[in-house]
Amino acid sequence: MKEYNVEQVRSLLEAMSGMYDLARVVDPIECRILEFDSDGSICMNESCYGIWNAEQKCINCTSALACRTGCRQEKKEHFQNQVFHIRSNPIKMKLPDGGVYDAVLELVSIQKEPSATANDRAAENVDHKADHYQALHDTLTKALNAGAFYELARGKIVEHQGFSWVMVTANIMNFRLINTLFGVLKGNETLVKTSDALVEIAEQSNGLCGRLGGDQFALLLPEREYKEETLLRTAQQLADYYSSGLYTFCIHFGVYRMEDAAIPISVMCDRANSALRTIRDDLRKTVAYFDESMMQKSIFEQQIISGFDEALQSGQFKMYLQPLVGENGRVFGAEALVRWHKPDGSVVGPGDFIETLENAGLIHELDMNIWEQAVKLLRRWKDTDKKHLTISVNMSAKDFYSIDVYRVLTELVEKYGVDSRNLRLEITETALLKEPEKSDRIVATLKEKGFCVEIDDFGKGYSSLGMLKDIQADVLKIDMSLLDEIESKQRSRIILESVINMASSLGMEVITEGVETLAQMRSLAQMGCRHFQGFYFSRPVTIEEFEQIYDRLGKLEE
Ligand code: C2E
Ligand code: MG
Ligand code: MG
């Protein structure tokens, strides 16, 4: 199979876009459209299903088949009086770092459905019958595809009224790693074997098994047939088969016991997934059950999601500012922290909604809004005594998958005529560590565009000192958790001091977050830290309050 570099794929796509109604490159395992940045990096964009089928799920994914077989595949889909002629061409992309990425170039022509004659319809019927199995089943595995699973599960529940059911979802932990470490073929084989094991469970208990996409599966089982031991045994067998020194295979199950038959199947799957998420990073746990507290959480999350658009449009998300203070007590900038001003008068902090918005794929909309509020304020300050102040905005790792972050930020500073150096960008250590090589490029590109990049929350997770070597950020923000024991424990003090020294020697500015007392600030200053943020100076406040604080503290030395 021919190998292309990313630039060649971009040109190929451009050329094909002129010839076909739709030309795109997809990752059929992740079910995502791939996008290419000017720096050669690849990002996963929105899901690739949903254009030619009503269920918006991966029905008849010819691209997965093309990827698996390495051969071009063709298929016609009929949807909403249109015929989609899909040609899935497997390609190998050579990545800038030397790696190879298996993807599929999808070329689609769309025609209006011709009004069929009786003969045509008869012929089509034969075709449809032949396609029947394929239409219901996922092309890679023997499981039902998502659309068929939803439909047949509903049918089963209706047919067997009075039965109690459980919905089980399954997900392979760090599945991406299998593709990365052993290649896509091995990844596919793992999916097939996992699917076979789950299909067997379903078949033995008169249930159904579907592949919802990627490495996500669902089982609908009669409650009386459901046994946790069966799931545990299957998980163990798969783990024994696939675990190696390099990779520990772990499959997690979320279980929702159906209470109301009228609940949509997709909601039942969401609930089982909510349970699954509570253990998804835990190698020692295999099965989790949906319970009342998750129900409350899921209702709460639904409220956030359904109210989000309106709240964003009506300006309910307000940027608060927390001062960043130098060792001389002078305010030199601020961190922008969002607060949700609800119509009932309550003010909600980001801890209550950021994660939900991230999971719902909405966080970039909020972030772009806050970035714009920050840039507007920098514009207002530009002609005043506050022109040297910086604002640090937070970014979510998900932003990079949803939008062209570089373009959005560059356009913003250009639109408002603001110096990009005054807008600082905070990316959390955990986000950067997820994909270290990619992060390296992201940070480098942001710096090239003139932005100052800050590593946020350093020390909150499993910090990697190696990361300081690879990722050339301008600022290191040390998380307050590293401050906890500096008063009482000599070892914590030594670690903190070493981090401060190391970052300073690497030319990074160090800011310690969460400074609550004068004693903490003094200890930190002794260790060589020159910049601070924390309740000792001020909590996050409104713009007006911040300006007052600045007028009081900012100009001390002027
Ligand atoms: P962060 O970026 O690390 O922000 C610092 C958090 O520490 C803020 O919490 C701040 O109020 C809190 N903090 C500051 N000084 C102290 C202190 O002395 N003691 C204690 N106990 N806490 C202190 P907040 O505002 O609740 O924000 C939480 C997190 O939410 C932020 O952590 C950030 O990761 C995220 N976040 C906030 N605004 C946004 C946003 O607009 N977009 C995104 N994507 N994330 C945001
Ligand atoms: Mg931050
Ligand atoms: Mg932080």
# chains A, B, ... in the order shown; residues from 1 in each chain; ligands from 1
>>> residues_around(residues="A:Thr62", least_positions_apart="4", cutoff="12 Å", atoms="only C-alpha atoms", output="ChimeraX atom specification")
/A:26-29,31,49,58,66-77,85-90,104-108,134-135,137-140
>>> residues_near_ligand(ligand="ligand 3", cutoff="12 Å", atoms="only C-alpha atoms and all ligand atoms", output="ChimeraX atom specification")
/A:322,335-337,392-395,425-430,454-461,475-482,511-515,532-534
>>> select_by_dssp(residues="stretch 183-239 of chain A", states="strand (DSSP E)", output="VMD selection string")
chain A and resid 208 to 213 216 to 222
>>> write_last_selection(atoms="all heavy atoms", output="short mmCIF file (atom, residue, chain, number, x, y, z; two decimals), in the first residue's frame")
data_model
loop_
_atom_site.label_atom_id
_atom_site.label_comp_id
_atom_site.auth_asym_id
_atom_site.auth_seq_id
_atom_site.Cartn_x
_atom_site.Cartn_y
_atom_site.Cartn_z
N LEU A 208 -28.49 -9.86 23.52
CA LEU A 208 -27.95 -9.27 22.31
C LEU A 208 -26.60 -8.64 22.61
O LEU A 208 -26.37 -8.17 23.72
CB LEU A 208 -28.87 -8.14 21.82
CG LEU A 208 -30.26 -8.47 21.34
CD1 LEU A 208 -31.02 -7.17 21.10
CD2 LEU A 208 -30.17 -9.28 20.04
N CYS A 209 -25.74 -8.63 21.60
CA CYS A 209 -24.46 -7.96 21.78
C CYS A 209 -24.23 -7.02 20.60
O CYS A 209 -24.42 -7.41 19.45
CB CYS A 209 -23.33 -8.98 21.84
SG CYS A 209 -21.70 -8.21 21.87
N GLY A 210 -23.85 -5.78 20.88
CA GLY A 210 -23.58 -4.82 19.81
C GLY A 210 -22.26 -4.12 20.02
O GLY A 210 -21.78 -4.00 21.14
N ARG A 211 -21.67 -3.69 18.89
CA ARG A 211 -20.48 -2.84 19.00
C ARG A 211 -20.94 -1.41 18.75
O ARG A 211 -21.42 -1.07 17.67
CB ARG A 211 -19.44 -3.27 17.95
CG ARG A 211 -18.19 -2.41 18.03
CD ARG A 211 -17.16 -2.85 16.99
NE ARG A 211 -16.01 -1.96 16.98
CZ ARG A 211 -15.29 -1.68 15.91
NH1 ARG A 211 -15.60 -2.24 14.75
NH2 ARG A 211 -14.27 -0.87 15.98
N LEU A 212 -20.80 -0.58 19.78
CA LEU A 212 -21.34 0.78 19.66
C LEU A 212 -20.39 1.70 18.91
O LEU A 212 -20.75 2.79 18.50
CB LEU A 212 -21.62 1.35 21.05
CG LEU A 212 -22.61 0.55 21.91
CD1 LEU A 212 -22.91 1.30 23.20
CD2 LEU A 212 -23.91 0.26 21.17
N GLY A 213 -19.15 1.25 18.73
CA GLY A 213 -18.15 2.08 18.05
C GLY A 213 -16.83 1.89 18.77
O GLY A 213 -16.82 1.61 19.96
N GLN A 216 -16.05 0.07 22.20
CA GLN A 216 -17.21 0.07 23.09
C GLN A 216 -18.23 -0.96 22.65
O GLN A 216 -18.68 -0.94 21.50
CB GLN A 216 -17.90 1.42 23.01
CG GLN A 216 -17.17 2.49 23.72
CD GLN A 216 -18.15 3.45 24.32
OE1 GLN A 216 -19.36 3.26 24.21
NE2 GLN A 216 -17.65 4.46 24.98
N PHE A 217 -18.62 -1.82 23.57
CA PHE A 217 -19.62 -2.85 23.27
C PHE A 217 -20.77 -2.72 24.24
O PHE A 217 -20.63 -2.13 25.32
CB PHE A 217 -19.00 -4.24 23.40
CG PHE A 217 -17.93 -4.52 22.39
CD1 PHE A 217 -16.60 -4.16 22.64
CD2 PHE A 217 -18.24 -5.11 21.18
CE1 PHE A 217 -15.62 -4.41 21.69
CE2 PHE A 217 -17.26 -5.37 20.23
CZ PHE A 217 -15.95 -5.01 20.49
N ALA A 218 -21.91 -3.29 23.86
CA ALA A 218 -23.05 -3.30 24.79
C ALA A 218 -23.72 -4.66 24.74
O ALA A 218 -23.74 -5.33 23.68
CB ALA A 218 -24.05 -2.22 24.41
N LEU A 219 -24.23 -5.09 25.89
CA LEU A 219 -24.96 -6.36 25.98
C LEU A 219 -26.31 -6.09 26.61
O LEU A 219 -26.38 -5.41 27.64
CB LEU A 219 -24.22 -7.33 26.90
CG LEU A 219 -22.87 -7.88 26.49
CD1 LEU A 219 -22.15 -8.45 27.70
CD2 LEU A 219 -23.06 -8.95 25.44
N LEU A 220 -27.36 -6.63 26.00
CA LEU A 220 -28.66 -6.61 26.67
C LEU A 220 -28.92 -8.04 27.12
O LEU A 220 -28.95 -8.95 26.29
CB LEU A 220 -29.75 -6.15 25.71
CG LEU A 220 -31.15 -6.16 26.32
CD1 LEU A 220 -31.35 -4.97 27.25
CD2 LEU A 220 -32.23 -6.14 25.24
N LEU A 221 -29.09 -8.23 28.43
CA LEU A 221 -29.25 -9.59 28.95
C LEU A 221 -30.49 -9.67 29.84
O LEU A 221 -30.76 -8.72 30.60
CB LEU A 221 -28.03 -9.98 29.81
CG LEU A 221 -26.66 -9.87 29.15
CD1 LEU A 221 -25.56 -10.11 30.18
CD2 LEU A 221 -26.54 -10.86 28.00
N PRO A 222 -31.23 -10.79 29.78
CA PRO A 222 -32.34 -10.96 30.73
C PRO A 222 -31.74 -11.00 32.15
O PRO A 222 -30.72 -11.66 32.35
CB PRO A 222 -32.92 -12.33 30.37
CG PRO A 222 -32.35 -12.69 29.06
CD PRO A 222 -31.08 -11.95 28.89
#
>>> residues_around(residues="A:Ala153", least_positions_apart="6", cutoff="12 Å", atoms="only C-alpha atoms", output="count of residues only")
28
>>> residues_around(residues="A:Phe308", least_positions_apart="3", cutoff="12 Å", atoms="only C-alpha atoms", output="mmCIF file with C-alpha atoms, in the first residue's frame")
data_model
loop_
_atom_site.group_PDB
_atom_site.id
_atom_site.type_symbol
_atom_site.label_atom_id
_atom_site.label_comp_id
_atom_site.auth_asym_id
_atom_site.auth_seq_id
_atom_site.Cartn_x
_atom_site.Cartn_y
_atom_site.Cartn_z
ATOM 1 C CA GLU A 301 -25.334 16.542 33.937
ATOM 2 C CA GLN A 302 -28.308 16.470 31.590
ATOM 3 C CA GLN A 303 -29.464 19.788 33.053
ATOM 4 C CA ILE A 304 -26.052 21.325 32.477
ATOM 5 C CA ILE A 305 -25.947 20.131 28.887
ATOM 6 C CA ALA A 311 -26.507 30.134 29.221
ATOM 7 C CA LEU A 312 -23.618 30.804 26.845
ATOM 8 C CA GLN A 313 -25.688 33.009 24.531
ATOM 9 C CA SER A 314 -27.096 35.057 27.386
ATOM 10 C CA GLY A 315 -23.679 35.703 28.915
ATOM 11 C CA GLN A 316 -24.161 33.653 32.086
ATOM 12 C CA PHE A 317 -20.554 32.451 31.986
ATOM 13 C CA TRP A 340 -21.606 30.433 35.957
ATOM 14 C CA HIS A 341 -24.084 33.102 37.065
ATOM 15 C CA LYS A 342 -27.379 31.225 37.036
ATOM 16 C CA PHE A 353 -19.560 21.750 35.087
ATOM 17 C CA ILE A 354 -16.197 21.631 33.263
ATOM 18 C CA THR A 356 -19.524 17.417 32.063
ATOM 19 C CA LEU A 357 -18.932 19.873 29.225
ATOM 20 C CA ALA A 360 -20.305 16.225 26.117
ATOM 21 C CA GLY A 361 -17.849 17.711 23.592
ATOM 22 C CA LEU A 362 -18.946 21.271 24.446
ATOM 23 C CA ILE A 363 -15.978 22.610 26.390
ATOM 24 C CA GLU A 365 -17.479 26.592 23.099
ATOM 25 C CA LEU A 366 -17.091 27.745 26.674
#
>>> select_by_dssp(residues="stretch 383-510 of chain A", states="helix (DSSP H, G or I)", output="ChimeraX atom specification")
/A:399-402,405-416,420-422,429-434,436-448,465-470,480-483,490-505
>>> write_last_selection(atoms="C-alpha atoms", output="PDB file, in the first residue's frame")
ATOM      1  CA  ASP A 399     -10.129  21.869  22.657  1.00  0.00           C
ATOM      2  CA  PHE A 400      -7.384  20.554  20.401  1.00  0.00           C
ATOM      3  CA  TYR A 401      -9.700  17.858  19.027  1.00  0.00           C
ATOM      4  CA  SER A 402     -12.649  20.139  18.455  1.00  0.00           C
ATOM      5  CA  VAL A 405      -6.875  26.312  18.574  1.00  0.00           C
ATOM      6  CA  TYR A 406      -4.032  28.185  16.871  1.00  0.00           C
ATOM      7  CA  ARG A 407      -6.325  29.802  14.336  1.00  0.00           C
ATOM      8  CA  VAL A 408      -8.978  30.742  16.899  1.00  0.00           C
ATOM      9  CA  LEU A 409      -6.430  32.362  19.199  1.00  0.00           C
ATOM     10  CA  THR A 410      -4.510  34.116  16.440  1.00  0.00           C
ATOM     11  CA  GLU A 411      -7.734  35.485  14.948  1.00  0.00           C
ATOM     12  CA  LEU A 412      -8.839  36.700  18.359  1.00  0.00           C
ATOM     13  CA  VAL A 413      -5.690  38.681  19.120  1.00  0.00           C
ATOM     14  CA  GLU A 414      -5.678  40.062  15.576  1.00  0.00           C
ATOM     15  CA  LYS A 415      -9.350  41.029  15.707  1.00  0.00           C
ATOM     16  CA  TYR A 416      -8.890  43.025  18.912  1.00  0.00           C
ATOM     17  CA  SER A 420      -0.294  37.835  21.880  1.00  0.00           C
ATOM     18  CA  ARG A 421       2.342  37.924  24.640  1.00  0.00           C
ATOM     19  CA  ASN A 422      -0.271  39.336  27.013  1.00  0.00           C
ATOM     20  CA  GLU A 429       0.202  18.738  33.138  1.00  0.00           C
ATOM     21  CA  THR A 430      -2.186  15.769  32.909  1.00  0.00           C
ATOM     22  CA  ALA A 431      -3.414  16.876  29.482  1.00  0.00           C
ATOM     23  CA  LEU A 432       0.152  17.289  28.240  1.00  0.00           C
ATOM     24  CA  LEU A 433       1.225  13.924  29.589  1.00  0.00           C
ATOM     25  CA  LYS A 434      -1.522  12.033  27.785  1.00  0.00           C
ATOM     26  CA  PRO A 436       3.714  13.715  25.156  1.00  0.00           C
ATOM     27  CA  GLU A 437       4.975  13.909  21.560  1.00  0.00           C
ATOM     28  CA  LYS A 438       1.887  15.651  20.355  1.00  0.00           C
ATOM     29  CA  SER A 439       2.000  18.036  23.320  1.00  0.00           C
ATOM     30  CA  ASP A 440       5.526  18.948  22.452  1.00  0.00           C
ATOM     31  CA  ARG A 441       4.378  20.045  19.001  1.00  0.00           C
ATOM     32  CA  ILE A 442       1.329  21.842  20.353  1.00  0.00           C
ATOM     33  CA  VAL A 443       3.391  23.875  22.789  1.00  0.00           C
ATOM     34  CA  ALA A 444       6.028  24.636  20.162  1.00  0.00           C
ATOM     35  CA  THR A 445       3.397  25.844  17.682  1.00  0.00           C
ATOM     36  CA  LEU A 446       1.636  28.017  20.255  1.00  0.00           C
ATOM     37  CA  LYS A 447       4.980  29.571  21.142  1.00  0.00           C
ATOM     38  CA  GLU A 448       5.763  30.133  17.474  1.00  0.00           C
ATOM     39  CA  LEU A 465      10.277  15.550  35.474  1.00  0.00           C
ATOM     40  CA  GLY A 466      11.178  14.225  32.025  1.00  0.00           C
ATOM     41  CA  MET A 467       8.334  16.287  30.693  1.00  0.00           C
ATOM     42  CA  LEU A 468      10.123  19.493  31.707  1.00  0.00           C
ATOM     43  CA  LYS A 469      12.941  18.426  29.427  1.00  0.00           C
ATOM     44  CA  ASP A 470      10.706  17.704  26.420  1.00  0.00           C
ATOM     45  CA  MET A 480      -1.077  23.671  45.653  1.00  0.00           C
ATOM     46  CA  SER A 481      -0.933  19.988  46.593  1.00  0.00           C
ATOM     47  CA  LEU A 482       2.874  20.189  46.588  1.00  0.00           C
ATOM     48  CA  LEU A 483       2.554  22.944  49.199  1.00  0.00           C
ATOM     49  CA  GLN A 490      11.555  18.001  55.118  1.00  0.00           C
ATOM     50  CA  ARG A 491      11.276  15.642  52.139  1.00  0.00           C
ATOM     51  CA  SER A 492       8.330  17.590  50.615  1.00  0.00           C
ATOM     52  CA  ARG A 493      10.354  20.754  51.024  1.00  0.00           C
ATOM     53  CA  ILE A 494      13.354  19.275  49.242  1.00  0.00           C
ATOM     54  CA  ILE A 495      11.219  18.064  46.341  1.00  0.00           C
ATOM     55  CA  LEU A 496       9.497  21.410  45.948  1.00  0.00           C
ATOM     56  CA  GLU A 497      12.768  23.323  46.136  1.00  0.00           C
ATOM     57  CA  SER A 498      14.344  21.050  43.526  1.00  0.00           C
ATOM     58  CA  VAL A 499      11.424  21.523  41.142  1.00  0.00           C
ATOM     59  CA  ILE A 500      11.631  25.300  41.531  1.00  0.00           C
ATOM     60  CA  ASN A 501      15.390  25.278  40.939  1.00  0.00           C
ATOM     61  CA  MET A 502      15.199  22.943  38.007  1.00  0.00           C
ATOM     62  CA  ALA A 503      12.451  24.924  36.263  1.00  0.00           C
ATOM     63  CA  SER A 504      14.317  28.181  36.889  1.00  0.00           C
ATOM     64  CA  SER A 505      17.531  26.705  35.499  1.00  0.00           C
TER      65      SER A 505
END
